[in-house]
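> Here it is: the structure, laid out below.
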Amino acid sequence: MKIIKIAGLVFGVIMVILFGLYVYLGGLKKIKFEVKKQGGEILVYQDVRGDYGKTCMMIDSVTNLLRTKWNLTPAQEFGIYYDNPHQVATNQLHSEVGCILTDVDDSTLLEMAHFLKVKKEPKMEYIVTEFPWKHQYSILMGIWKVYPALQYYINERTYNENGPVMEIYDQQNKKIIYRKPLFRH
């Protein structure tokens, strides 16, 4: 009987800890979308084919190259995810991952283009929301919370669901910005 009480107590403590972590990572945050004109950022990145789970490692690779070769520490990192992992085989998923740069001269960008891909994100209307960045696990919580809400928002307004989703990891301002190009039917 004593073992059952101890097991129940341990289970209760674990559940409280897990719920606290869920709350801390933004699990109770209400997701609100806006349509905003954004874009225009300079992106340096790598193309990635395959599991989206390896994108963090690829972002770190780009960030480390910028730090070691050009002594740059970007304030924001990003991932642009082109495919829905529920509809496309894992080995066929396509993403672009890297860093957003500001105040970089054209000659440095030309040099970077020998090692990384470089482009300017188009300025246009996007469906946008923010989610708190508390820890690397915030990305997972964002996936669980934001993507279903985004799908609901698109369906409710009968927007075209085509197009990638960009996740901007702004650790300095402690947020993840989710941005999807707005395509009306």
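How things are named: the first chain in the structure tokens is A, the next is B, and so on; residues count from 1 in each chain; ligands count from 1 in the order shown.
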Please give the complete set of residues from chain A that DSSP, run on the backbone, assigns to strand (DSSP E or B), formatted as an NGL selection string.

:A and (34-38 or 42-49 or 76-81 or 94-101 or 117-120 or 124-132 or 159-160 or 165-170 or 175-181 or 183-184)

> Out of chain A, which residues get alpha helix (DSSP H) from DSSP, as a ChimeraX atom specification?

/A:2-24,55-70,106-112,137-156

> Rounded to one decimal, what separation in Å do you get between CA of Lys180 (chain A) and CA of Asn64 (chain A)?

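That distance, rounded to one decimal, is 27.2 Å.
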
> Which polymer residues have any atom within 7 Å of an atom of Glu167 (chain A), counting only C-alpha atoms, with same-chain residues fewer than 4 positions away left out, as number ranges by chain?

A: 78-80, 176-179

> Which residues come within 8 Å of Phe33 (chain A), counting only C-alpha atoms, excluding same-chain residues fewer than 3 positions away, as a PyMOL selection string?

chain A and resi 127-129+150+153

> Using only C-alpha atoms, can you tell me which of A:Thr102, A:Asn160, A:Thr55, A:Gln76 comes closest to Ile42 (chain A)?

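Of A:Thr102, A:Asn160, A:Thr55, A:Gln76, the one nearest Ile42 (chain A) is A:Thr102, counting only C-alpha atoms.
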
> Given only C-alpha atoms as the basis, pick out the residue of A:Asn155, A:Thr73, A:Gln87, A:Gln136 nearest to Leu101 (chain A).

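Comparing A:Asn155, A:Thr73, A:Gln87, A:Gln136 against Leu101 (chain A), the winner is A:Thr73.
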
> Can you tell me, as a VMD selection string, what residues are no more than 12 Å from Asp105 (chain A) when counting only C-alpha atoms, ignoring any on the same chain fewer than 6 positions away?

chain A and resid 42 70 111 to 112

> Just write the chosen residues, N, CA, C and O atoms, as a compact mmCIF listing (two decimals), in the first residue's frame.


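See part.txt below for the written result:
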```
# COMPACT_ATOMS: atom_id res chain seq x y z
N ILE A 42 17.68 40.46 -45.68
CA ILE A 42 18.75 39.74 -46.39
C ILE A 42 18.95 38.41 -45.68
O ILE A 42 19.21 38.36 -44.47
N TRP A 70 33.48 35.76 -40.99
CA TRP A 70 33.20 37.19 -41.15
C TRP A 70 33.01 37.92 -39.82
O TRP A 70 32.67 39.09 -39.81
N GLU A 111 31.06 37.88 -51.31
CA GLU A 111 32.00 36.87 -50.80
C GLU A 111 31.24 35.71 -50.15
O GLU A 111 31.57 34.54 -50.35
N MET A 112 30.20 36.05 -49.39
CA MET A 112 29.40 35.02 -48.72
C MET A 112 28.74 34.09 -49.74
O MET A 112 28.56 32.91 -49.47
```

> Please report the interatomic distance between CA of Ser61 (chain A) and CA of Gly98 (chain A) in Å with one decimal.

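It comes out at 8.3 Å.
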
> Please report, as JSON lines, each residue of region 139-166 of chain A lying at most 7 Å from region 23-32 of chain A, together with the nearest pair of atoms and the separation in Å rounded to one decimal; use only C-alpha atoms, and order rows by chain and ascending residue number.


```
{"residue": "A:Met141", "atom": "CA", "partner": "A:Leu25", "partner_atom": "CA", "distance": 6.7}
{"residue": "A:Val146", "atom": "CA", "partner": "A:Ile31", "partner_atom": "CA", "distance": 6.7}
{"residue": "A:Ala149", "atom": "CA", "partner": "A:Ile31", "partner_atom": "CA", "distance": 6.9}
```

> Counting only C-alpha atoms, which residue out of A:Tyr147, A:Asp103, A:Leu65, A:Glu34 sits closest to His86 (chain A)?

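Distance minimum relative to His86 (chain A) lands on A:Tyr147.
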
> Determine, counting only C-alpha atoms, which protein, DNA and RNA residues have an atom within 9 Å of an atom of Leu109 (chain A); residues of the same chain fewer than 4 positions away are not included. Present the result as a PyMOL selection string.

chain A and resi 44+104-105+113+118

> Store the residues picked out above, limited to N, CA, C and O atoms, as a PDB file, in the first residue's frame.


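Saved as part00.pdb:
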```pdb
ATOM      1  N   VAL A  44      20.963  34.706 -45.548  1.00  0.00           N
ATOM      2  CA  VAL A  44      22.064  33.830 -45.948  1.00  0.00           C
ATOM      3  C   VAL A  44      21.711  32.451 -45.405  1.00  0.00           C
ATOM      4  O   VAL A  44      21.336  32.318 -44.246  1.00  0.00           O
ATOM      5  N   VAL A 104      25.220  44.726 -43.705  1.00  0.00           N
ATOM      6  CA  VAL A 104      26.305  44.009 -44.367  1.00  0.00           C
ATOM      7  C   VAL A 104      26.472  44.616 -45.754  1.00  0.00           C
ATOM      8  O   VAL A 104      25.501  44.779 -46.500  1.00  0.00           O
ATOM      9  N   ASP A 105      27.704  44.971 -46.082  1.00  0.00           N
ATOM     10  CA  ASP A 105      27.946  45.618 -47.371  1.00  0.00           C
ATOM     11  C   ASP A 105      27.885  44.610 -48.514  1.00  0.00           C
ATOM     12  O   ASP A 105      27.991  43.402 -48.312  1.00  0.00           O
ATOM     13  N   ALA A 113      28.386  34.630 -50.892  1.00  0.00           N
ATOM     14  CA  ALA A 113      27.692  33.847 -51.921  1.00  0.00           C
ATOM     15  C   ALA A 113      28.544  32.704 -52.453  1.00  0.00           C
ATOM     16  O   ALA A 113      28.029  31.794 -53.103  1.00  0.00           O
ATOM     17  N   VAL A 118      22.425  33.416 -50.860  1.00  0.00           N
ATOM     18  CA  VAL A 118      22.050  34.746 -50.387  1.00  0.00           C
ATOM     19  C   VAL A 118      20.848  35.212 -51.192  1.00  0.00           C
ATOM     20  O   VAL A 118      20.821  35.067 -52.420  1.00  0.00           O
TER      21      VAL A 118
END
```

> Work out how far apart CA of Asp51 (chain A) and CA of Pro132 (chain A) are and give it in Å to one decimal.

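If I compute the distance from CA of Asp51 (chain A) to CA of Pro132 (chain A), I get 24.0 Å.
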
> Compare A:Ile143, A:Leu66, A:Val10, A:Val35 by their minimum atom-to-atom distance to Pro85 (chain A), counting only C-alpha atoms, and give me the closest one.

A:Ile143

> Which residue gives the smallest distance to Tyr159 (chain A) among A:Lys175, A:Lys36, A:Lys54, A:Arg184, with only C-alpha atoms counted?

A:Arg184
